[in-house]
Structure formats: structure tokens, C-alpha cells
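What follows is one structure encoded as C-alpha cells, with my remarks underneath.
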Amino acid sequence: MSDVTKTVQKWHASFKKGTDFDSWGQLVEAIDEYQILARQLQKEVQSSNSHDFSEEQKKTLGKFATCLEMRSASLQCTQSQEEFKLEDLKKLEPSMYTYIDSGCFRKILAPGEEENLELEEELDAGTGAGSTPSFPSRVPGTLLPRLPSEPGMTLLTLTIEKIGLKDAGQCIDPYITVSVKDLNGIDLNPVQETPVATRKEDTYIHFSVDVEIQKHVEKLPKGAAIFFEFKHYKPKKRFTSTKCFAFMEMDEIKPGPIVIELYKKPTDFKRKKLNLLTKKPLYLHLNQTLHKD
């Protein structure tokens, strides 16, 4: 067993110990354990002599430390309007223990969880609350193949061409989360992530990627919508943030190009409180292809 694997196992044991204390209501002990582990992770992140982890892995460790610090802060704050919950922290446990031989950690932040890390968004995160993923989260670049065709049924391929943003050139590692929600904000399909965009031009970030919707159009319930969340990495805060979102409703499913408006975060999956991101003519550009036997 390598030294790195032993270190990761030690971190995992500490994480489990802290969440156990938290579950049992031993909050002082939980806070101590979270803070100790957060310091250990941050020490590894800031170490210039460590060659055990790549820079990308250190970013991931830094995100994990941020989560621990936020849970610790939630336990100490009696007047918090929105807290970083224990169940949110526990969602990260599989990632802590996933060490691959190639030396890669799985992305810690899963789709729909990024907003929880933004302190300034915690106060109004309630709009998107209630959207509990019913399907496994996917990391950027893991798009799903087209479903098998069925007689008389229609499949939809969405090509995400580009997105217009006034500060497009400043966005680091941008990608888009695609999900299909019902009127209550519940997932109807597995959530998918585009690969990180590699081309930026003026006020546009180009994706040129196909996303296969994982349900036949005829089987989507009335009131469903397809959501597109634009996300990017914030190096100063060391986590991925949702910048804006867009959505397409069922009556907009038609072959050919479509441009849809962008809205301010946090993502409102119930579509009740919508505020345009900008008055400028900047949109998400898509192309729709319908497949029917």
C-alpha cells in the first residue's frame, strides 16, 4: 500500500469520525474533528514540497477543506438562516475514498451542489431547494449516449453551440449542467455535464457539443423543462460556481436553432422567481434535432 493511499485512508477515517460525532449530536467533538481534517488538507494544498498530489488534485482537496470549514461554521452559528447540512457533507464521502491508480480523484462537487459552497448564495438558495437529484450525479465531460429508438417515439438531441456573456473571456473551466425537471423541480432524467469549453471568442464561449435527452419526448410530463446551468471555477474561492442558468419548456421543442434567455443565479427549478442576467442581447444558442422512427 502506497504512502498516498495510507494518507487518503487516514483522511477518510477522520472524516467518518467527524460525521459520526455530528450524527450523534456531539457537536464540540465534530467541530474539532472537522477543523483538524480541514487544516491537514489545507496544509497539503499549500505545501510546495509535496509531489504526492497534482495541482488539480490539490484544488479538489481545497474544495473538500472548504466544505469541512463550512459545516464547522454552521455548527457554531446559532442564527444561521441557511446551513451547510450534514447530509450535504456526507455526499462527499465516496469522493474522499475514491483514489484511482492513475492518481486522479473524482470531482468532489456534484451537479446541483455547487451553490451550497457560495456563502453569498446561501441566503437565497431556497429557490432551488427541493430539487433533490433522483439520479446519480455526473462529472463534467460524461455525456450519455442516445437511447434506443422505439416505434412512434421521438428522441431529442440538443446541440449546445455557444453562450453569450459580457465577461466570457474571464470564465475559467466553463461547462454546462443539463437536467430535465418537472414542475416541482424533481429530476426526470440523469443529470449530464458537458466537457469544459476550450474556445472563447469575444463575448462567446463555444461548446459545440451534443446532449442526448434521456427520455422520449412523448414521455415527458406536462410542465417539464430542460435546464442549462452555466458553471465556472473561481480560483480565489477555490470552488465551482453557477454563474447563470437558462431553460427550455416543452412547447419550444422544435427542429432547428433556438436562442434562450439567461437568468441570474441561484437556479430556480420551479420557475417562480426569474430575473434576467442582463439586458444585453446575450443568450444560450442551441440547435435541436428530433429523431423519430
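Labels used: A, B, ... for chains in the order of the C-alpha cells, numbers from 1 for residues in each chain, and numbers from 1 for ligands as shown.
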Surrounding residues of Ile258 of chain A excluding itself and chain neighbours under 6 positions, 9 Å, only C-alpha atoms, as a compact mmCIF listing (two decimals) with C-alpha atoms, in the first residue's frame:
# COMPACT_ATOMS: atom_id res chain seq x y z
CA GLU A 252 -40.20 25.06 -27.51
CA LEU A 284 -27.66 30.48 -24.91
CA HIS A 285 -27.57 29.21 -28.50
CA LEU A 286 -28.87 25.71 -29.16
CA ASN A 287 -29.80 23.53 -32.11
CA GLN A 288 -32.47 20.83 -31.82
Using only C-alpha atoms, what table do you get, as a Markdown table, when you list each residue of segment 142-169 of chain A with an atom no more than 12 Å from segment 220-230 of chain A, its nearest pair of atoms, and their distance in Å rounded to one decimal, rows by chain then rising number?
| residue | atom | partner | partner_atom | distance |
| --- | --- | --- | --- | --- |
| A:Met153 | CA | A:Leu220 | CA | 11.4 |
| A:Thr154 | CA | A:Leu220 | CA | 10.7 |
| A:Leu155 | CA | A:Leu220 | CA | 10.9 |
| A:Leu156 | CA | A:Ile226 | CA | 11.2 |
| A:Thr157 | CA | A:Ile226 | CA | 11.9 |
| A:Leu158 | CA | A:Ile226 | CA | 10.1 |
| A:Thr159 | CA | A:Phe228 | CA | 12.0 |
| A:Ile160 | CA | A:Phe228 | CA | 9.6 |
| A:Lys162 | CA | A:Phe230 | CA | 10.9 |
| A:Ile163 | CA | A:Phe230 | CA | 8.7 |
| A:Gly164 | CA | A:Phe230 | CA | 10.8 |
| A:Leu165 | CA | A:Phe230 | CA | 10.4 |
| A:Ala168 | CA | A:Phe230 | CA | 11.3 |
Write out the residues from the selection above, keeping all heavy atoms, as a short mmCIF file (atom, residue, chain, number, x, y, z; two decimals), in the first residue's frame.
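And here is the file that came out, selection21.cif:
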data_model
loop_
_atom_site.label_atom_id
_atom_site.label_comp_id
_atom_site.auth_asym_id
_atom_site.auth_seq_id
_atom_site.Cartn_x
_atom_site.Cartn_y
_atom_site.Cartn_z
N MET A 153 -41.98 6.87 -31.27
CA MET A 153 -41.46 7.73 -30.21
C MET A 153 -40.35 8.64 -30.74
O MET A 153 -39.62 8.27 -31.66
CB MET A 153 -40.92 6.88 -29.05
CG MET A 153 -42.00 6.13 -28.29
SD MET A 153 -43.05 7.28 -27.39
CE MET A 153 -44.20 6.13 -26.62
N THR A 154 -40.23 9.84 -30.12
CA THR A 154 -39.27 10.85 -30.58
C THR A 154 -38.16 11.05 -29.55
O THR A 154 -38.43 11.19 -28.36
CB THR A 154 -39.99 12.19 -30.80
OG1 THR A 154 -41.12 12.00 -31.64
CG2 THR A 154 -39.06 13.22 -31.42
N LEU A 155 -36.93 11.06 -30.04
CA LEU A 155 -35.78 11.37 -29.20
C LEU A 155 -35.25 12.76 -29.58
O LEU A 155 -35.33 13.17 -30.74
CB LEU A 155 -34.69 10.32 -29.38
CG LEU A 155 -34.99 8.94 -28.79
CD1 LEU A 155 -33.98 7.92 -29.26
CD2 LEU A 155 -35.01 9.00 -27.26
N LEU A 156 -34.69 13.45 -28.59
CA LEU A 156 -34.21 14.81 -28.80
C LEU A 156 -32.71 14.91 -28.55
O LEU A 156 -32.23 14.50 -27.50
CB LEU A 156 -34.95 15.77 -27.85
CG LEU A 156 -34.45 17.22 -27.78
CD1 LEU A 156 -34.59 17.91 -29.13
CD2 LEU A 156 -35.21 17.99 -26.69
N THR A 157 -32.02 15.44 -29.55
CA THR A 157 -30.60 15.77 -29.39
C THR A 157 -30.48 17.29 -29.35
O THR A 157 -30.95 17.99 -30.26
CB THR A 157 -29.75 15.25 -30.55
OG1 THR A 157 -29.87 13.83 -30.64
CG2 THR A 157 -28.27 15.60 -30.36
N LEU A 158 -29.88 17.80 -28.28
CA LEU A 158 -29.65 19.23 -28.16
C LEU A 158 -28.17 19.51 -28.40
O LEU A 158 -27.31 18.99 -27.68
CB LEU A 158 -30.05 19.72 -26.77
CG LEU A 158 -31.55 19.77 -26.48
CD1 LEU A 158 -31.78 20.05 -25.00
CD2 LEU A 158 -32.21 20.85 -27.32
N THR A 159 -27.88 20.31 -29.39
CA THR A 159 -26.51 20.75 -29.62
C THR A 159 -26.32 22.10 -28.94
O THR A 159 -26.98 23.08 -29.30
CB THR A 159 -26.20 20.88 -31.12
OG1 THR A 159 -26.44 19.61 -31.75
CG2 THR A 159 -24.75 21.27 -31.34
N ILE A 160 -25.47 22.13 -27.93
CA ILE A 160 -25.15 23.40 -27.27
C ILE A 160 -24.05 24.06 -28.08
O ILE A 160 -22.90 23.61 -28.08
CB ILE A 160 -24.71 23.17 -25.81
CG1 ILE A 160 -25.81 22.45 -25.03
CG2 ILE A 160 -24.36 24.51 -25.14
CD1 ILE A 160 -25.43 22.12 -23.59
N LYS A 162 -23.16 27.71 -28.23
CA LYS A 162 -22.37 28.72 -27.54
C LYS A 162 -23.25 29.47 -26.54
O LYS A 162 -24.49 29.38 -26.59
CB LYS A 162 -21.76 29.71 -28.54
CG LYS A 162 -22.79 30.46 -29.37
CD LYS A 162 -22.13 31.34 -30.42
CE LYS A 162 -23.18 32.08 -31.26
NZ LYS A 162 -22.57 32.95 -32.29
N ILE A 163 -22.60 30.20 -25.66
CA ILE A 163 -23.31 31.05 -24.71
C ILE A 163 -22.68 32.44 -24.77
O ILE A 163 -21.45 32.58 -24.88
CB ILE A 163 -23.25 30.48 -23.28
CG1 ILE A 163 -24.16 31.27 -22.34
CG2 ILE A 163 -21.83 30.43 -22.75
CD1 ILE A 163 -24.33 30.65 -20.95
N GLY A 164 -23.52 33.46 -24.71
CA GLY A 164 -23.03 34.83 -24.74
C GLY A 164 -22.97 35.44 -23.35
O GLY A 164 -23.97 35.47 -22.63
N LEU A 165 -21.79 35.92 -22.96
CA LEU A 165 -21.59 36.54 -21.65
C LEU A 165 -20.65 37.74 -21.82
O LEU A 165 -19.68 37.66 -22.57
CB LEU A 165 -20.96 35.55 -20.67
CG LEU A 165 -21.77 34.30 -20.31
CD1 LEU A 165 -20.88 33.28 -19.61
CD2 LEU A 165 -22.96 34.65 -19.45
N ALA A 168 -17.08 36.74 -20.88
CA ALA A 168 -16.80 35.36 -21.32
C ALA A 168 -15.32 35.00 -21.20
O ALA A 168 -14.96 33.89 -20.80
CB ALA A 168 -17.26 35.17 -22.76
#
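The nearest approach to Gly18 of chain A among the residues A:Arg271, A:Lys264, A:Lys90, A:Lys234, with only C-alpha atoms taken into account, belongs to A:Lys90.
Here atom CA of Arg71 of chain A and atom CA of Gln35 of chain A stand 9.6 Å from one another.
As for atom CA of Ile260 of chain A and atom CA of Phe247 of chain A, they are spaced 7.2 Å apart.
From atom CA of Ser241 of chain A back to atom CA of Thr203 of chain A, the distance works out to 19.1 Å.
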Could you list, as a PyMOL selection string, every residue within 12 Å of Lys16 of chain A, counting only C-alpha atoms and ignoring same-chain residues fewer than 3 positions away?
chain A and resi 9-13+19-23+30+33-34+37+68+86+89-94+96-97
Would you write out those residues with N, CA and C atoms, as a PDB file, in the first residue's frame?
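Now in out.pdb:
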ATOM      1  N   GLN A   9      -6.616   7.160   3.272  1.00  0.00           N
ATOM      2  CA  GLN A   9      -7.388   6.345   4.218  1.00  0.00           C
ATOM      3  C   GLN A   9      -7.462   7.007   5.592  1.00  0.00           C
ATOM      4  N   LYS A  10      -6.365   7.639   5.983  1.00  0.00           N
ATOM      5  CA  LYS A  10      -6.334   8.342   7.268  1.00  0.00           C
ATOM      6  C   LYS A  10      -7.320   9.518   7.241  1.00  0.00           C
ATOM      7  N   TRP A  11      -7.335  10.249   6.128  1.00  0.00           N
ATOM      8  CA  TRP A  11      -8.275  11.360   5.988  1.00  0.00           C
ATOM      9  C   TRP A  11      -9.717  10.858   6.025  1.00  0.00           C
ATOM     10  N   HIS A  12      -9.943   9.750   5.359  1.00  0.00           N
ATOM     11  CA  HIS A  12     -11.297   9.193   5.322  1.00  0.00           C
ATOM     12  C   HIS A  12     -11.753   8.786   6.716  1.00  0.00           C
ATOM     13  N   ALA A  13     -10.857   8.187   7.484  1.00  0.00           N
ATOM     14  CA  ALA A  13     -11.196   7.773   8.850  1.00  0.00           C
ATOM     15  C   ALA A  13     -11.543   8.991   9.706  1.00  0.00           C
ATOM     16  N   THR A  19     -18.191  12.972  11.056  1.00  0.00           N
ATOM     17  CA  THR A  19     -19.614  12.872  10.711  1.00  0.00           C
ATOM     18  C   THR A  19     -20.374  11.992  11.700  1.00  0.00           C
ATOM     19  N   ASP A  20     -19.684  11.004  12.277  1.00  0.00           N
ATOM     20  CA  ASP A  20     -20.318  10.188  13.320  1.00  0.00           C
ATOM     21  C   ASP A  20     -20.634  11.040  14.548  1.00  0.00           C
ATOM     22  N   PHE A  21     -19.639  11.833  14.988  1.00  0.00           N
ATOM     23  CA  PHE A  21     -19.870  12.737  16.119  1.00  0.00           C
ATOM     24  C   PHE A  21     -21.045  13.668  15.809  1.00  0.00           C
ATOM     25  N   ASP A  22     -21.054  14.178  14.594  1.00  0.00           N
ATOM     26  CA  ASP A  22     -22.106  15.102  14.155  1.00  0.00           C
ATOM     27  C   ASP A  22     -23.482  14.425  14.236  1.00  0.00           C
ATOM     28  N   SER A  23     -23.551  13.192  13.742  1.00  0.00           N
ATOM     29  CA  SER A  23     -24.815  12.445  13.756  1.00  0.00           C
ATOM     30  C   SER A  23     -25.301  12.174  15.173  1.00  0.00           C
ATOM     31  N   ALA A  30     -17.337  16.999  16.950  1.00  0.00           N
ATOM     32  CA  ALA A  30     -17.452  17.051  15.486  1.00  0.00           C
ATOM     33  C   ALA A  30     -16.707  18.261  14.933  1.00  0.00           C
ATOM     34  N   GLU A  33     -12.957  17.700  15.033  1.00  0.00           N
ATOM     35  CA  GLU A  33     -12.506  16.745  14.017  1.00  0.00           C
ATOM     36  C   GLU A  33     -12.526  17.384  12.628  1.00  0.00           C
ATOM     37  N   TYR A  34     -13.592  18.140  12.323  1.00  0.00           N
ATOM     38  CA  TYR A  34     -13.682  18.820  11.026  1.00  0.00           C
ATOM     39  C   TYR A  34     -12.531  19.818  10.855  1.00  0.00           C
ATOM     40  N   LEU A  37      -9.123  18.037  10.315  1.00  0.00           N
ATOM     41  CA  LEU A  37      -9.004  17.491   8.965  1.00  0.00           C
ATOM     42  C   LEU A  37      -8.874  18.610   7.932  1.00  0.00           C
ATOM     43  N   LEU A  68     -15.658  21.239   4.823  1.00  0.00           N
ATOM     44  CA  LEU A  68     -15.500  20.927   6.252  1.00  0.00           C
ATOM     45  C   LEU A  68     -15.574  22.198   7.089  1.00  0.00           C
ATOM     46  N   LEU A  86     -25.404  18.375   7.345  1.00  0.00           N
ATOM     47  CA  LEU A  86     -24.634  17.138   7.486  1.00  0.00           C
ATOM     48  C   LEU A  86     -24.854  16.223   6.292  1.00  0.00           C
ATOM     49  N   LEU A  89     -22.694  17.206   3.478  1.00  0.00           N
ATOM     50  CA  LEU A  89     -21.300  16.826   3.701  1.00  0.00           C
ATOM     51  C   LEU A  89     -21.096  15.332   3.449  1.00  0.00           C
ATOM     52  N   LYS A  90     -22.063  14.520   3.886  1.00  0.00           N
ATOM     53  CA  LYS A  90     -21.924  13.071   3.730  1.00  0.00           C
ATOM     54  C   LYS A  90     -21.913  12.647   2.258  1.00  0.00           C
ATOM     55  N   LYS A  91     -22.502  13.472   1.397  1.00  0.00           N
ATOM     56  CA  LYS A  91     -22.490  13.144  -0.036  1.00  0.00           C
ATOM     57  C   LYS A  91     -21.080  13.108  -0.596  1.00  0.00           C
ATOM     58  N   LEU A  92     -20.142  13.760   0.109  1.00  0.00           N
ATOM     59  CA  LEU A  92     -18.764  13.822  -0.374  1.00  0.00           C
ATOM     60  C   LEU A  92     -17.929  12.603   0.023  1.00  0.00           C
ATOM     61  N   GLU A  93     -18.450  11.789   0.939  1.00  0.00           N
ATOM     62  CA  GLU A  93     -17.648  10.678   1.467  1.00  0.00           C
ATOM     63  C   GLU A  93     -17.128   9.733   0.385  1.00  0.00           C
ATOM     64  N   PRO A  94     -17.963   9.320  -0.595  1.00  0.00           N
ATOM     65  CA  PRO A  94     -17.425   8.425  -1.625  1.00  0.00           C
ATOM     66  C   PRO A  94     -16.252   9.031  -2.379  1.00  0.00           C
ATOM     67  N   MET A  96     -14.031  11.123  -1.168  1.00  0.00           N
ATOM     68  CA  MET A  96     -12.848  11.110  -0.308  1.00  0.00           C
ATOM     69  C   MET A  96     -12.099   9.793  -0.435  1.00  0.00           C
ATOM     70  N   TYR A  97     -12.834   8.711  -0.638  1.00  0.00           N
ATOM     71  CA  TYR A  97     -12.221   7.390  -0.631  1.00  0.00           C
ATOM     72  C   TYR A  97     -11.948   6.861  -2.038  1.00  0.00           C
TER      73      TYR A  97
END
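The nearest approach to Val45 of chain A among the residues A:Lys181, A:Arg238, A:Arg146, A:His232, with only C-alpha atoms taken into account, belongs to A:Arg238.
For the choices A:Thr289, A:Asp187, A:Lys63, A:Leu262, the atom-to-atom distance to Leu276 of chain A is smallest for A:Leu262 when using only C-alpha atoms.
Per DSSP on the backbone, helix (DSSP H, G or I) in segment 118-293 of chain A comprises Leu119, Glu120, Glu121, Glu122, Ala125, Gly126, Thr127, Ala168, Gly169, Gln170, Val217, Glu218, Lys219, Met250, Asp251 and Glu252 of chain A.
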What would the file look like if the residues just selected were written as a short mmCIF file (atom, residue, chain, number, x, y, z; two decimals), in the first residue's frame with N, CA and C atoms?
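Below is the file that was written, again20.cif:
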data_model
loop_
_atom_site.label_atom_id
_atom_site.label_comp_id
_atom_site.auth_asym_id
_atom_site.auth_seq_id
_atom_site.Cartn_x
_atom_site.Cartn_y
_atom_site.Cartn_z
N LEU A 119 -21.05 31.28 0.06
CA LEU A 119 -21.65 31.87 1.25
C LEU A 119 -22.68 32.93 0.89
N GLU A 120 -22.36 33.72 -0.16
CA GLU A 120 -23.29 34.78 -0.51
C GLU A 120 -24.56 34.25 -1.13
N GLU A 121 -24.58 32.96 -1.56
CA GLU A 121 -25.77 32.41 -2.17
C GLU A 121 -26.61 31.63 -1.16
N GLU A 122 -26.06 31.38 0.01
CA GLU A 122 -26.78 30.52 0.95
C GLU A 122 -28.11 31.13 1.38
N ALA A 125 -30.66 30.42 -1.44
CA ALA A 125 -30.61 29.12 -2.11
C ALA A 125 -31.92 28.38 -2.03
N GLY A 126 -32.86 28.89 -1.22
CA GLY A 126 -34.13 28.21 -1.04
C GLY A 126 -34.94 28.10 -2.31
N THR A 127 -34.67 28.98 -3.29
CA THR A 127 -35.43 28.91 -4.53
C THR A 127 -35.18 27.61 -5.25
N ALA A 168 -17.08 36.74 -20.88
CA ALA A 168 -16.80 35.36 -21.32
C ALA A 168 -15.32 35.00 -21.20
N GLY A 169 -14.44 35.94 -21.52
CA GLY A 169 -13.01 35.65 -21.51
C GLY A 169 -12.44 35.41 -20.14
N GLN A 170 -13.17 35.80 -19.10
CA GLN A 170 -12.66 35.65 -17.73
C GLN A 170 -13.11 34.36 -17.06
N VAL A 217 -39.56 12.20 -25.97
CA VAL A 217 -40.29 13.46 -25.82
C VAL A 217 -41.73 13.20 -25.39
N GLU A 218 -42.36 12.18 -25.96
CA GLU A 218 -43.76 11.87 -25.65
C GLU A 218 -43.96 11.45 -24.19
N LYS A 219 -42.87 11.03 -23.54
CA LYS A 219 -42.97 10.55 -22.16
C LYS A 219 -42.68 11.64 -21.13
N MET A 250 -41.46 22.62 -22.86
CA MET A 250 -41.84 21.59 -23.82
C MET A 250 -42.38 22.14 -25.14
N ASP A 251 -43.06 23.29 -25.10
CA ASP A 251 -43.61 23.85 -26.34
C ASP A 251 -42.55 24.48 -27.23
N GLU A 252 -41.31 24.52 -26.72
CA GLU A 252 -40.20 25.06 -27.51
C GLU A 252 -39.41 23.96 -28.22
#
